[in-house]
Structures are given as C-alpha cells and as structure tokens.
Amino acid sequence: MRNYRVTGPVEVPQHTLAAMSTRMVSHRSAAFRELIGAITPRLGMLFGTESAVLPLTCSGTGGLEAVAASLLRPGDRVLSVQLGYFGERFADIAAHHGALIDVLAAPWGQIVPTERITERLALGYDAVLLTHNETSTGVVAPLGEWARAIRAVSDCLILVDAVSSVAATEIGFDALGLDAVVTVTQKALACPPGLSLVAASERALARAAEPGEGSYYLSLARAAEHARLGTTVYTPALSVLYALDTALAEIEKEGVETVWERHDRTALRCREALRAQGLTVVPDEANSSPTVTAVRLPAPADAERVREVLAAEHDVWVSSGRGPWKSEVLRIGHMGPVDPDDVDACALAIGAALRSTVSPRTAGSGAPRATETTPLVTGGTDTADALAPDWDALVARLDAPVFHTRAFLSAYEHHPVQRISAPRYLEVRRGGELVAAAPTYLQGDPLGLLGLADGEQALLSPMWHSPDSRLLTADEEALDALSAAFGDRATELSAPLWGFVNLSDDSPLLPSLARRGFRRQELVPRWTLHRSDAPDGDTYLAGMRRSVRRDYQRQLRRYAEHANAFVHGARYPGLVPLLELIAASAARAGSPKYYDPQRLAAFLRELDGPVRVVEVRENNGEPLAVAVCFLESRRLQAWAGGYVRGRPDLTFSPYYALWWEIVRLMWATRADSIECGRLNETFKEKMLLSPQRLVAMIGPSN
C-alpha cells in the first residue's frame, strides 16, 4: 500500500472521494444554494472569520492572482516578505499586475524577524504580502506576531498565502485584521484539487469594487456579489464542492482545535523520526511547519535519486526540493488525516534509501557499510566553523541541547562570554559515521566548584555557560575512544584537571565514566518547569501555595497596568541597551566580568535563529527586565537575565513580571519545559520549578 507523503495534492479519504459521485445540480438551483450555505460557515470557522470565504474554480496560484488583480493597482507600493519559492511567486504575480515590489527575504529555512518588517513598513506601503506556511522550505511563519506588529504601525492591506496551512493550524483572520487569505482544497482539507478558497475583509471587497481591477474571471468583487446570493459567478467545480462538504463535516465532528493539535503532533513525530535516522530537519523547531517537513540529505546523496528509489523500492512518495534545494532536500507532506505510523515508515524508508544509494564515506567507493566491528578513528578540528553537518545530526539524535550545536559553538568561539583558549572539537568516527564528539576548551572555574587556583585553567567540555549538557556518544565503545582522546588532549596541554561539566545527574553514561576512573563532582543544579505542571495560566497559579498565588496575582495586576512585554530576535536594533541590564544584574550577583553587552550582543546576533530576547518595558518606554532565551524543539532555555532594582516608585517586581513572560513564551511556542540556571532558589521553588542536579565528571590523572 503506497505511503503518499507528497506536499500536494494529498491522499484523499475514500468517503470524501465517494462524495464526488453525487449527481450534478445547477449552480443556480436551490440545492446548490443549500450546499454553499452549509459550506461557507464551516470554512469561516477554519479561517477564523465571519467575512466572506469565496470559492474560485482554479488552483492556489489562481487564488493569489485573484487577490493581486482585485486588490492591487498599478503603481501600488507593496512589501513582499519572502521565506522561499512560493513567497517569490506571490511577488511575481503582484508585479505582473503593476505593483511596485520591495522584497524583504529571509535565507531559505529561516523567517524574517518581525522588527525588520515593521521597520520597512514605516517607509509607507499600500500592501504587504505574507506567506504563512512556506511549502518549499517547511517553515511556518509567526503570522499572529507579524500581523499584530504590522497593524501597530501600518494600515496597509495584509494579503496572505495560507495555501498549505488553513485547516492545519489557527489563522485568526478577523482577530488579526487580515484582508485576504488564500488556501486550496488539495492540501490540509484533504480534498481533490480544483478550488481556491479566498477569505476577504469588507475593506478588501470595497477596494476590489473600485475601478481598475485587473481580471475578469478572477474578480473578487463579482465573486462576493454572487456569494451573497448563494451562488458563484461561473460554473464551479461542483464535484469538489461535494467532497469539500464531506471533509468539512469530518473536521467539524473531530473538532477544529483537535485537528490543529493532531497536525502538530504528526509533524513533530515526523521530525523526530527523521532525526532518529541521523538526518537534519532544515528549519529550527520553533519555525517548523505543521504540514510539510523539509529534510536535508547528507552529501553526496542526490535528492532526486533518493526520491526515485523511495517510490520504486518502498512505495513511498515524497516531494523533492525547490529551486536551490532541488538536489539536497526532500519535502514530506503530512497534512490531512495522516496516520502517524506513515510518517515513521517514511523516515525509515528514507534512511534505507540513503544507505542503498550512497556509502557511508563516498558515493561509488565500494566501501562496506559500517558495523559495530568497524575500527574507530579519532580526530577533530580546532575551529567550530570546520565542523561537518553530521555534528548537528549527532546532537539531534542524542537530544542534546542547543549548547552543542555547530551554530552555538561557532558563535561562542568568536564571542566568548567567559575566556576560553585552545579549543579542540574531538570526534570519533566509525566507518565515516560520527559516533561521538566533544567540544573542549581550556577555561577557568567561575563558580569555584572544581578547586582550581585563581587564574588556573582546566580542560573542560563543554564551556561553563552550558547549564544542561549531554555526553555525545552513540555507544560505550565510542565513549572509550572519546575519553582516551580527551585524556590525550589534556596531557598535550599539561592541563591540571580535565573532564565533562554540567552533565545531568541522571545521564545513563555517568556510571560508565565512573567505571573508567572518572571522579564525580557535584555542581549547582539547574531548575526546570515542565509544561505538564503548568499547561495554562489558571492551572499554573492554582498549583502555587495560596499566599504565593495571591501575591503573584497582585503583582501581575499591577504589572498589566504599568508595563508591557515584547519578544525580540537577535537582530533587534535596541539589543545592547537591554543586555546592559543583564550585565548590571551579574555584577550585583558577584560576577562583574560576565555578560559584556557588546560581546554578548555579537554572540547572540551570530547565533540568531534560536535566540528569543524577552523584554518587560514600562509604559513610558523604560526597560525594566530582560531575559535571553534559546528556543529548542522541546525546551526553552532561559539562559541569562537581568532586571532593575531600587525603584521605590515601582508597584510590582520586574523579576516576577519577567518570569511570567518567559512562561508565556513556553506556552506560545508549545515547548515542553523551561530550563534555567542557578540563583534565586527560593523564588524558583515558589514558582514550582524543580531542581535538576548537575555534576562534573573529572578524568583520571595521566
């Protein structure tokens, strides 16, 4: 039985297909008006609108052209926010109809930071083109965040390509003040192709009715006029409407929010299954699509060849990459009622297809596949920039935190928060496959926990500023080789002490290290709040002691009256002044040399993708508190923070407000937990965080 995981048209359930055999009726008949009358309100529920949702007999590109032709006029200034191939197409359509296009593009696989959009819109535009879910890259954009920010600075038309996201995730058309949103039947609605569905605001329809619209067939004004009469302008794809009616009934039966949650779960399962095969999912977790997963294949694999093998040998059908990604990326669709087992099977098939089309070392080398008896080879590099992509694949496979990724290691090496020297990135390979790794540095003992003399340095892995670390080893044999290479490096540098720091107390490899002569040293714990203990605000507050809850609720009421919160990316122009708050707080805690604002800003800007800077700002514009967080697939790492003190005029604690906003970020991003470091233990216990013991494993003397 085929496993059809292309990005569209998707597999259609049999009962939906069967509905297409319903007998034809005239689109001017009472029976047709009854059909449309049943479909329209359910479509509105998916878009989040009480405005018109217009069915057009055409593809998604036709729907986008209907929006451009009806709402834009020659000479209109339009900002195109692009995340990939289909964002470029939307801009091309608008330009074809005479709009003057300015492009604001993110690198493929990433998103455009919100502040860059609002900065550009300050120049004055008639419309902005957004792609909610970029099918070419597997990226979902923060539509809500973007739209609210746009509405705060501009009254321009907001026109959205949501072709592959409607019915898979929330749109919020009315709440966000959107003007036009386009989708199709053959994506998350799991119907055959043939209809484009366009939600349009009243002001958009008024604009469409003005002279100068650029299409006869794709006129939104005429479509809306006929929709009010319960019909369509021209003969519709009637059989597809019958199928759509059936599909909407199924969604209504399951529940819209349940359908959204199902898409999220299936998408996460797909990403985890791919990572278990040692593969790299292209976008970061926060921006990963609920309907399409883009996976990068290791060189020298060719995506087109792998796709052919998947179809011919496994009956698994996926889409290849678009544009510059055509030969290196596969795209997996999981929209509509997808069986989660099918995405698991798809990932397994991709792994098998890769093994059959390319050897572990080089294509066509004739080298045998690696086995447990293949000799281990140790090596490494002296710069993080020289690390290969399989380093990140190992990190993902072992669920290691962001602190082990190439991006973090490179940024920290270039702009270290604490002084490090002699970096060496140890690697252990078996048959060319990376099976163990460790970043190592000569560094000090900033917390005074290892007994080093003042100014003395140890060879440690990783850097101290990784409050939650992992042993990057696939098995015990690889751990043996890694430990030996680590000890040799310590001897080479005459390091007085060497070993791993900030390892979780429950790591299954700690006993293995102890058997190899490593000495255990207790460190300060990290603290964790699990979303299962705080699934929403009411439940979270209810779990606190009564006196704590009352005080916190009082604090939050005062906070709501006097301040607001903002979440910035690493490219935020006002980043350095915010980081000065962190430096001041570190100095108060006895670490005056930590978190130099300029160096920290440079580090965060280079790291970029996972960075979230949470700011609490007084209504007069004064920053009161800030936290630097890193967003991972399932964790939110609260890495560093600071806040003002000694303001007798403040009626609430900025620290309490900041923590609330960090928890809200966990909810908004659907992270499973928040992890943060030392200090303020009493506060953390009040806030229901649990201590997670950390240890150092110090290697035997050479």
# chains A, B, ... in the order shown; residues from 1 in each chain; ligands from 1
call {"tool": "select_by_dssp", "arguments": {"residues": "segment 209-434 of chain A", "states": "strand (DSSP E or B)", "output": "compact mmCIF listing (two decimals) with C-alpha atoms, in the first residue's frame"}}
result
# COMPACT_ATOMS: atom_id res chain seq x y z
CA THR A 280 18.80 17.14 9.66
CA VAL A 281 15.42 18.87 9.60
CA SER A 288 8.82 24.03 11.69
CA VAL A 292 5.47 19.97 5.48
CA THR A 293 8.87 18.83 6.75
CA ALA A 294 11.99 19.69 4.77
CA VAL A 295 14.90 17.34 5.46
CA ARG A 296 18.43 17.91 4.20
CA VAL A 316 6.89 5.87 -0.52
CA TRP A 317 6.22 9.10 -2.38
CA SER A 319 8.48 15.74 -2.95
CA SER A 320 11.95 16.94 -3.89
CA VAL A 329 16.38 18.44 0.20
CA LEU A 330 13.32 16.19 0.37
CA ARG A 331 9.93 17.54 1.42
CA ILE A 332 7.48 15.33 3.28
CA GLY A 333 3.79 16.20 3.42
CA LEU A 376 37.06 3.62 15.39
CA VAL A 377 39.02 6.64 14.19
CA THR A 378 39.56 9.67 16.42
CA GLY A 379 40.29 13.16 15.19
CA GLY A 380 38.79 16.62 15.26
CA THR A 381 39.18 20.26 14.32
CA ILE A 420 38.42 30.21 26.71
CA SER A 421 41.52 29.08 24.85
CA ALA A 422 42.90 26.12 22.89
CA PRO A 423 39.55 24.93 21.52
CA ARG A 424 39.54 21.43 20.11
CA TYR A 425 36.42 19.68 18.81
CA LEU A 426 37.05 15.97 19.34
CA GLU A 427 35.39 13.49 17.01
CA VAL A 428 35.15 9.70 16.93
CA ARG A 429 34.06 8.06 13.68
CA ARG A 430 33.13 4.52 12.78
CA GLU A 433 29.92 7.93 10.65
CA LEU A 434 30.27 10.36 13.57
call {"tool": "residues_around", "arguments": {"residues": "Asp76 of chain A", "least_positions_apart": "5", "cutoff": "6 Å", "atoms": "only C-alpha atoms", "output": "VMD selection string"}}
result
chain A and resid 99 to 100 126
call {"tool": "write_last_selection", "arguments": {"atoms": "C-alpha atoms", "output": "mmCIF file, in the first residue's frame"}}
result
data_model
loop_
_atom_site.group_PDB
_atom_site.id
_atom_site.type_symbol
_atom_site.label_atom_id
_atom_site.label_comp_id
_atom_site.auth_asym_id
_atom_site.auth_seq_id
_atom_site.Cartn_x
_atom_site.Cartn_y
_atom_site.Cartn_z
ATOM 1 C CA ALA A 99 2.603 46.704 -8.263
ATOM 2 C CA LEU A 100 5.992 48.128 -7.300
ATOM 3 C CA ASP A 126 -0.132 50.047 0.276
#
call {"tool": "residues_around", "arguments": {"residues": "Tyr656 of chain A", "least_positions_apart": "2", "cutoff": "9 Å", "atoms": "only C-alpha atoms", "output": "list in words"}}
result
Tyr552, Gln555, Leu556, Phe652, Ser653, Pro654, Leu658, Trp659, Trp660, Glu661 and Phe683 of chain A
call {"tool": "write_last_selection", "arguments": {"atoms": "N, CA and C atoms", "output": "PDB file, in the first residue's frame"}}
result
ATOM      1  N   TYR A 552       1.370  36.827  43.783  1.00  0.00           N
ATOM      2  CA  TYR A 552       1.726  36.852  42.358  1.00  0.00           C
ATOM      3  C   TYR A 552       0.594  37.464  41.526  1.00  0.00           C
ATOM      4  N   GLN A 555       0.822  41.095  41.937  1.00  0.00           N
ATOM      5  CA  GLN A 555       1.951  41.608  41.150  1.00  0.00           C
ATOM      6  C   GLN A 555       1.575  41.710  39.664  1.00  0.00           C
ATOM      7  N   LEU A 556       0.924  40.679  39.147  1.00  0.00           N
ATOM      8  CA  LEU A 556       0.587  40.654  37.727  1.00  0.00           C
ATOM      9  C   LEU A 556      -0.448  41.710  37.373  1.00  0.00           C
ATOM     10  N   PHE A 652       5.343  46.865  41.308  1.00  0.00           N
ATOM     11  CA  PHE A 652       5.443  45.432  41.070  1.00  0.00           C
ATOM     12  C   PHE A 652       6.918  45.092  40.855  1.00  0.00           C
ATOM     13  N   SER A 653       7.219  43.811  40.974  1.00  0.00           N
ATOM     14  CA  SER A 653       8.593  43.355  40.779  1.00  0.00           C
ATOM     15  C   SER A 653       8.834  43.051  39.303  1.00  0.00           C
ATOM     16  N   PRO A 654       9.780  43.720  38.652  1.00  0.00           N
ATOM     17  CA  PRO A 654      10.106  43.370  37.264  1.00  0.00           C
ATOM     18  C   PRO A 654      10.553  41.920  37.118  1.00  0.00           C
ATOM     19  N   LEU A 658       8.953  39.355  34.566  1.00  0.00           N
ATOM     20  CA  LEU A 658       9.791  38.713  33.559  1.00  0.00           C
ATOM     21  C   LEU A 658       9.563  37.205  33.551  1.00  0.00           C
ATOM     22  N   TRP A 659       9.496  36.604  34.720  1.00  0.00           N
ATOM     23  CA  TRP A 659       9.280  35.165  34.769  1.00  0.00           C
ATOM     24  C   TRP A 659       7.932  34.808  34.141  1.00  0.00           C
ATOM     25  N   TRP A 660       6.906  35.583  34.396  1.00  0.00           N
ATOM     26  CA  TRP A 660       5.597  35.322  33.806  1.00  0.00           C
ATOM     27  C   TRP A 660       5.679  35.341  32.278  1.00  0.00           C
ATOM     28  N   GLU A 661       6.432  36.276  31.736  1.00  0.00           N
ATOM     29  CA  GLU A 661       6.550  36.361  30.276  1.00  0.00           C
ATOM     30  C   GLU A 661       7.358  35.203  29.701  1.00  0.00           C
ATOM     31  N   PHE A 683      12.781  31.785  45.079  1.00  0.00           N
ATOM     32  CA  PHE A 683      11.795  32.224  44.103  1.00  0.00           C
ATOM     33  C   PHE A 683      11.403  31.069  43.178  1.00  0.00           C
TER      34      PHE A 683
END
call {"tool": "atom_distance", "arguments": {"atom1": "atom CA of Ala223 of chain A", "atom2": "atom CA of Pro13 of chain A"}}
result
29.3 Å
call {"tool": "atom_distance", "arguments": {"atom1": "atom CA of Ile698 of chain A", "atom2": "atom CA of His404 of chain A"}}
result
19.4 Å
call {"tool": "closest_residue", "arguments": {"among": "A:Thr258, A:Val140, A:Val12, A:Gly321", "to": "Thr185 of chain A", "atoms": "only C-alpha atoms"}}
result
A:Val12
call {"tool": "residues_around", "arguments": {"residues": "Val166 of chain A", "least_positions_apart": "4", "cutoff": "7 Å", "atoms": "only C-alpha atoms", "output": "ChimeraX atom specification"}}
result
/A:46-47,162,171,183,188
call {"tool": "write_last_selection", "arguments": {"atoms": "N, CA and C atoms", "output": "JSON list (two decimals), in the first residue's frame"}}
result
[["chain", "number", "residue", "atom", "x", "y", "z"],
["A", 46, "LEU", "N", -12.63, 27.79, 9.99],
["A", 46, "LEU", "CA", -11.23, 27.43, 9.77],
["A", 46, "LEU", "C", -10.36, 28.66, 9.56],
["A", 47, "PHE", "N", -10.89, 29.65, 8.87],
["A", 47, "PHE", "CA", -10.14, 30.90, 8.65],
["A", 47, "PHE", "C", -10.19, 31.80, 9.88],
["A", 162, "ALA", "N", -1.92, 31.28, 2.50],
["A", 162, "ALA", "CA", -2.05, 30.23, 3.51],
["A", 162, "ALA", "C", -2.47, 28.93, 2.84],
["A", 171, "ILE", "N", -5.60, 30.43, 12.03],
["A", 171, "ILE", "CA", -5.33, 31.58, 11.18],
["A", 171, "ILE", "C", -5.70, 32.88, 11.90],
["A", 183, "THR", "N", -6.33, 29.83, 0.36],
["A", 183, "THR", "CA", -5.97, 28.43, 0.53],
["A", 183, "THR", "C", -6.58, 27.63, -0.62],
["A", 188, "ALA", "N", -4.42, 20.73, 3.35],
["A", 188, "ALA", "CA", -4.84, 20.21, 4.65],
["A", 188, "ALA", "C", -6.32, 19.85, 4.70]]
call {"tool": "residues_around", "arguments": {"residues": "Ser136 of chain A", "least_positions_apart": "2", "cutoff": "7 Å", "atoms": "only C-alpha atoms", "output": "PyMOL selection string"}}
result
chain A and resi 84-86+134+138+321-322
call {"tool": "write_last_selection", "arguments": {"atoms": "all heavy atoms", "output": "PDB file, in the first residue's frame"}}
result
ATOM      1  N   GLY A  84      10.825  31.846   0.785  1.00  0.00           N
ATOM      2  CA  GLY A  84      11.192  30.792  -0.143  1.00  0.00           C
ATOM      3  C   GLY A  84      10.502  30.946  -1.481  1.00  0.00           C
ATOM      4  O   GLY A  84      10.047  32.033  -1.866  1.00  0.00           O
ATOM      5  N   TYR A  85      10.366  29.831  -2.175  1.00  0.00           N
ATOM      6  CA  TYR A  85       9.914  29.790  -3.562  1.00  0.00           C
ATOM      7  C   TYR A  85       8.524  30.395  -3.750  1.00  0.00           C
ATOM      8  O   TYR A  85       8.289  31.156  -4.692  1.00  0.00           O
ATOM      9  CB  TYR A  85       9.930  28.331  -4.023  1.00  0.00           C
ATOM     10  CG  TYR A  85       9.519  28.087  -5.449  1.00  0.00           C
ATOM     11  CD1 TYR A  85      10.458  28.109  -6.476  1.00  0.00           C
ATOM     12  CD2 TYR A  85       8.196  27.797  -5.775  1.00  0.00           C
ATOM     13  CE1 TYR A  85      10.089  27.867  -7.792  1.00  0.00           C
ATOM     14  CE2 TYR A  85       7.816  27.548  -7.080  1.00  0.00           C
ATOM     15  CZ  TYR A  85       8.769  27.593  -8.087  1.00  0.00           C
ATOM     16  OH  TYR A  85       8.390  27.358  -9.382  1.00  0.00           O
ATOM     17  N   PHE A  86       7.578  30.062  -2.882  1.00  0.00           N
ATOM     18  CA  PHE A  86       6.203  30.497  -3.097  1.00  0.00           C
ATOM     19  C   PHE A  86       5.988  31.948  -2.685  1.00  0.00           C
ATOM     20  O   PHE A  86       5.104  32.619  -3.225  1.00  0.00           O
ATOM     21  CB  PHE A  86       5.231  29.539  -2.411  1.00  0.00           C
ATOM     22  CG  PHE A  86       5.197  28.192  -3.079  1.00  0.00           C
ATOM     23  CD1 PHE A  86       5.905  27.127  -2.547  1.00  0.00           C
ATOM     24  CD2 PHE A  86       4.518  28.011  -4.266  1.00  0.00           C
ATOM     25  CE1 PHE A  86       5.913  25.892  -3.177  1.00  0.00           C
ATOM     26  CE2 PHE A  86       4.524  26.776  -4.909  1.00  0.00           C
ATOM     27  CZ  PHE A  86       5.217  25.715  -4.362  1.00  0.00           C
ATOM     28  N   GLU A 134       5.511  28.238   4.258  1.00  0.00           N
ATOM     29  CA  GLU A 134       6.295  28.169   3.027  1.00  0.00           C
ATOM     30  C   GLU A 134       6.584  26.707   2.697  1.00  0.00           C
ATOM     31  O   GLU A 134       7.452  26.071   3.296  1.00  0.00           O
ATOM     32  CB  GLU A 134       7.590  28.967   3.178  1.00  0.00           C
ATOM     33  CG  GLU A 134       8.496  28.959   1.973  1.00  0.00           C
ATOM     34  CD  GLU A 134       7.810  29.316   0.672  1.00  0.00           C
ATOM     35  OE1 GLU A 134       7.486  30.507   0.465  1.00  0.00           O
ATOM     36  OE2 GLU A 134       7.607  28.386  -0.136  1.00  0.00           O
ATOM     37  N   GLY A 138       9.475  24.183   4.401  1.00  0.00           N
ATOM     38  CA  GLY A 138       8.974  23.596   5.634  1.00  0.00           C
ATOM     39  C   GLY A 138       8.960  24.559   6.796  1.00  0.00           C
ATOM     40  O   GLY A 138       9.002  24.145   7.956  1.00  0.00           O
ATOM     41  N   GLY A 321      13.162  18.955  -3.344  1.00  0.00           N
ATOM     42  CA  GLY A 321      13.298  20.366  -3.013  1.00  0.00           C
ATOM     43  C   GLY A 321      12.979  21.261  -4.199  1.00  0.00           C
ATOM     44  O   GLY A 321      12.882  20.820  -5.350  1.00  0.00           O
ATOM     45  N   ARG A 322      12.812  22.530  -3.917  1.00  0.00           N
ATOM     46  CA  ARG A 322      12.555  23.529  -4.944  1.00  0.00           C
ATOM     47  C   ARG A 322      13.801  24.382  -5.146  1.00  0.00           C
ATOM     48  O   ARG A 322      14.613  24.556  -4.235  1.00  0.00           O
ATOM     49  CB  ARG A 322      11.392  24.431  -4.517  1.00  0.00           C
ATOM     50  CG  ARG A 322      10.025  23.794  -4.625  1.00  0.00           C
ATOM     51  CD  ARG A 322       9.533  23.854  -6.050  1.00  0.00           C
ATOM     52  NE  ARG A 322       8.117  23.568  -6.163  1.00  0.00           N
ATOM     53  CZ  ARG A 322       7.406  23.778  -7.244  1.00  0.00           C
ATOM     54  NH1 ARG A 322       7.978  24.283  -8.319  1.00  0.00           N
ATOM     55  NH2 ARG A 322       6.129  23.477  -7.287  1.00  0.00           N
TER      56      ARG A 322
END
call {"tool": "closest_residue", "arguments": {"among": "A:Ile582, A:Gly699, A:Ala478, A:Cys676", "to": "Val644 of chain A", "atoms": "only C-alpha atoms"}}
result
A:Ile582
call {"tool": "closest_residue", "arguments": {"among": "A:Gly63, A:Gly677, A:Gly569, A:Pro300", "to": "Glu606 of chain A", "atoms": "only C-alpha atoms"}}
result
A:Gly569
call {"tool": "select_by_dssp", "arguments": {"residues": "segment 15-125 of chain A", "states": "alpha helix (DSSP H)", "output": "JSON, numbers by chain"}}
result
{"A": [15, 16, 17, 18, 19, 30, 31, 32, 33, 34, 35, 36, 37, 38, 39, 40, 41, 42, 43, 44, 45, 46, 47, 60, 61, 62, 63, 64, 65, 66, 67, 68, 69, 70, 71, 85, 86, 87, 88, 89, 90, 91, 92, 93, 94, 95, 96, 114, 115, 116, 117, 118, 119, 120, 121]}
call {"tool": "write_last_selection", "arguments": {"atoms": "C-alpha atoms", "output": "short mmCIF file (atom, residue, chain, number, x, y, z; two decimals), in the first residue's frame"}}
result
data_model
loop_
_atom_site.label_atom_id
_atom_site.label_comp_id
_atom_site.auth_asym_id
_atom_site.auth_seq_id
_atom_site.Cartn_x
_atom_site.Cartn_y
_atom_site.Cartn_z
CA HIS A 15 -15.57 8.66 1.84
CA THR A 16 -14.52 12.10 0.56
CA LEU A 17 -13.82 10.68 -2.88
CA ALA A 18 -17.16 8.88 -2.83
CA ALA A 19 -18.97 12.19 -2.26
CA ALA A 30 -31.95 25.84 -4.52
CA ALA A 31 -29.99 22.62 -3.95
CA PHE A 32 -26.75 24.41 -4.78
CA ARG A 33 -27.60 27.34 -2.50
CA GLU A 34 -28.19 24.81 0.28
CA LEU A 35 -24.79 23.21 -0.40
CA ILE A 36 -22.96 26.54 -0.35
CA GLY A 37 -24.91 27.60 2.71
CA ALA A 38 -23.61 24.53 4.55
CA ILE A 39 -20.01 25.00 3.42
CA THR A 40 -19.41 28.73 3.96
CA PRO A 41 -19.79 28.98 7.77
CA ARG A 42 -17.55 25.96 8.33
CA LEU A 43 -14.89 27.50 6.11
CA GLY A 44 -15.21 30.70 8.10
CA MET A 45 -14.50 28.71 11.27
CA LEU A 46 -11.23 27.43 9.77
CA PHE A 47 -10.14 30.90 8.65
CA GLY A 60 -3.87 28.22 -5.41
CA THR A 61 -1.91 30.33 -7.84
CA GLY A 62 -5.23 31.42 -9.31
CA GLY A 63 -6.42 32.44 -5.86
CA LEU A 64 -3.26 34.50 -5.32
CA GLU A 65 -3.79 36.13 -8.71
CA ALA A 66 -7.41 36.90 -7.82
CA VAL A 67 -6.15 38.75 -4.71
CA ALA A 68 -3.45 40.65 -6.61
CA ALA A 69 -5.66 41.52 -9.58
CA SER A 70 -8.61 42.60 -7.41
CA LEU A 71 -6.86 44.47 -4.59
CA TYR A 85 9.91 29.79 -3.56
CA PHE A 86 6.20 30.50 -3.10
CA GLY A 87 6.78 33.88 -1.48
CA GLU A 88 8.73 34.78 -4.61
CA ARG A 89 5.82 33.58 -6.78
CA PHE A 90 3.29 35.77 -4.89
CA ALA A 91 5.54 38.78 -5.54
CA ASP A 92 5.85 37.88 -9.24
CA ILE A 93 2.06 37.77 -9.55
CA ALA A 94 1.69 41.17 -7.88
CA ALA A 95 4.41 42.65 -10.09
CA HIS A 96 2.63 41.25 -13.17
CA THR A 114 9.18 40.90 12.97
CA GLU A 115 11.04 44.10 13.72
CA ARG A 116 12.54 44.13 10.22
CA ILE A 117 9.03 44.06 8.75
CA THR A 118 7.79 46.93 10.89
CA GLU A 119 10.94 48.95 10.20
CA ARG A 120 10.34 48.65 6.45
CA LEU A 121 6.63 49.39 6.70
#
call {"tool": "residues_around", "arguments": {"residues": "segment 598-600 of chain A", "least_positions_apart": "4", "cutoff": "9 Å", "atoms": "only C-alpha atoms", "output": "VMD selection string"}}
result
chain A and resid 415 to 417 576 579 to 580 604 to 605
call {"tool": "closest_residue", "arguments": {"among": "A:Arg307, A:Lys686, A:Lys253, A:His334", "to": "Ser164 of chain A", "atoms": "only C-alpha atoms"}}
result
A:His334
call {"tool": "atom_distance", "arguments": {"atom1": "atom CA of Thr682 of chain A", "atom2": "atom CA of Arg634 of chain A"}}
result
25.7 Å
call {"tool": "closest_residue", "arguments": {"among": "A:Arg207, A:Arg148, A:Arg645, A:Arg549", "to": "Phe173 of chain A", "atoms": "only C-alpha atoms"}}
result
A:Arg148
call {"tool": "decode", "arguments": {"residues": "segment 485-493 of chain A", "atoms": "all heavy atoms", "output": "PDB file, in the first residue's frame"}}
result
ATOM      1  N   ALA A 485      40.795  10.098  23.785  1.00  0.00           N
ATOM      2  CA  ALA A 485      41.220  11.284  23.038  1.00  0.00           C
ATOM      3  C   ALA A 485      41.211  12.522  23.924  1.00  0.00           C
ATOM      4  O   ALA A 485      42.100  13.384  23.826  1.00  0.00           O
ATOM      5  CB  ALA A 485      40.302  11.486  21.832  1.00  0.00           C
ATOM      6  N   PHE A 486      40.240  12.608  24.808  1.00  0.00           N
ATOM      7  CA  PHE A 486      40.141  13.731  25.740  1.00  0.00           C
ATOM      8  C   PHE A 486      41.343  13.729  26.677  1.00  0.00           C
ATOM      9  O   PHE A 486      41.992  14.764  26.913  1.00  0.00           O
ATOM     10  CB  PHE A 486      38.829  13.603  26.513  1.00  0.00           C
ATOM     11  CG  PHE A 486      38.316  14.876  27.131  1.00  0.00           C
ATOM     12  CD1 PHE A 486      37.031  14.927  27.667  1.00  0.00           C
ATOM     13  CD2 PHE A 486      39.081  16.037  27.205  1.00  0.00           C
ATOM     14  CE1 PHE A 486      36.530  16.076  28.239  1.00  0.00           C
ATOM     15  CE2 PHE A 486      38.588  17.196  27.784  1.00  0.00           C
ATOM     16  CZ  PHE A 486      37.311  17.212  28.307  1.00  0.00           C
ATOM     17  N   GLY A 487      41.670  12.544  27.232  1.00  0.00           N
ATOM     18  CA  GLY A 487      42.819  12.446  28.130  1.00  0.00           C
ATOM     19  C   GLY A 487      44.122  12.785  27.420  1.00  0.00           C
ATOM     20  O   GLY A 487      45.002  13.452  27.994  1.00  0.00           O
ATOM     21  N   ASP A 488      44.266  12.357  26.167  1.00  0.00           N
ATOM     22  CA  ASP A 488      45.476  12.681  25.401  1.00  0.00           C
ATOM     23  C   ASP A 488      45.595  14.188  25.193  1.00  0.00           C
ATOM     24  O   ASP A 488      46.708  14.745  25.267  1.00  0.00           O
ATOM     25  CB  ASP A 488      45.443  11.981  24.041  1.00  0.00           C
ATOM     26  CG  ASP A 488      45.608  10.469  24.155  1.00  0.00           C
ATOM     27  OD1 ASP A 488      46.029  10.005  25.237  1.00  0.00           O
ATOM     28  OD2 ASP A 488      45.284   9.767  23.176  1.00  0.00           O
ATOM     29  N   ARG A 489      44.471  14.833  24.948  1.00  0.00           N
ATOM     30  CA  ARG A 489      44.496  16.287  24.755  1.00  0.00           C
ATOM     31  C   ARG A 489      44.886  16.992  26.051  1.00  0.00           C
ATOM     32  O   ARG A 489      45.644  17.965  26.033  1.00  0.00           O
ATOM     33  CB  ARG A 489      43.114  16.757  24.282  1.00  0.00           C
ATOM     34  CG  ARG A 489      42.968  18.270  24.075  1.00  0.00           C
ATOM     35  CD  ARG A 489      43.843  18.774  22.966  1.00  0.00           C
ATOM     36  NE  ARG A 489      43.520  20.171  22.637  1.00  0.00           N
ATOM     37  CZ  ARG A 489      44.302  20.970  21.917  1.00  0.00           C
ATOM     38  NH1 ARG A 489      45.468  20.504  21.442  1.00  0.00           N
ATOM     39  NH2 ARG A 489      43.951  22.207  21.653  1.00  0.00           N
ATOM     40  N   ALA A 490      44.405  16.493  27.186  1.00  0.00           N
ATOM     41  CA  ALA A 490      44.770  17.079  28.479  1.00  0.00           C
ATOM     42  C   ALA A 490      46.272  16.939  28.729  1.00  0.00           C
ATOM     43  O   ALA A 490      46.933  17.869  29.219  1.00  0.00           O
ATOM     44  CB  ALA A 490      43.978  16.413  29.595  1.00  0.00           C
ATOM     45  N   THR A 491      46.828  15.779  28.382  1.00  0.00           N
ATOM     46  CA  THR A 491      48.270  15.573  28.536  1.00  0.00           C
ATOM     47  C   THR A 491      49.052  16.514  27.631  1.00  0.00           C
ATOM     48  O   THR A 491      50.058  17.116  28.041  1.00  0.00           O
ATOM     49  CB  THR A 491      48.625  14.115  28.206  1.00  0.00           C
ATOM     50  OG1 THR A 491      47.913  13.251  29.096  1.00  0.00           O
ATOM     51  CG2 THR A 491      50.111  13.872  28.338  1.00  0.00           C
ATOM     52  N   GLU A 492      48.590  16.650  26.415  1.00  0.00           N
ATOM     53  CA  GLU A 492      49.256  17.526  25.448  1.00  0.00           C
ATOM     54  C   GLU A 492      49.328  18.964  25.959  1.00  0.00           C
ATOM     55  O   GLU A 492      50.338  19.661  25.767  1.00  0.00           O
ATOM     56  CB  GLU A 492      48.488  17.478  24.127  1.00  0.00           C
ATOM     57  CG  GLU A 492      49.011  18.398  23.038  1.00  0.00           C
ATOM     58  CD  GLU A 492      48.097  18.409  21.820  1.00  0.00           C
ATOM     59  OE1 GLU A 492      47.259  17.485  21.678  1.00  0.00           O
ATOM     60  OE2 GLU A 492      48.200  19.353  21.009  1.00  0.00           O
ATOM     61  N   LEU A 493      48.253  19.424  26.653  1.00  0.00           N
ATOM     62  CA  LEU A 493      48.192  20.808  27.131  1.00  0.00           C
ATOM     63  C   LEU A 493      48.673  20.954  28.577  1.00  0.00           C
ATOM     64  O   LEU A 493      48.630  22.055  29.128  1.00  0.00           O
ATOM     65  CB  LEU A 493      46.757  21.330  27.017  1.00  0.00           C
ATOM     66  CG  LEU A 493      46.190  21.431  25.591  1.00  0.00           C
ATOM     67  CD1 LEU A 493      44.713  21.819  25.640  1.00  0.00           C
ATOM     68  CD2 LEU A 493      46.974  22.445  24.766  1.00  0.00           C
TER      69      LEU A 493
END
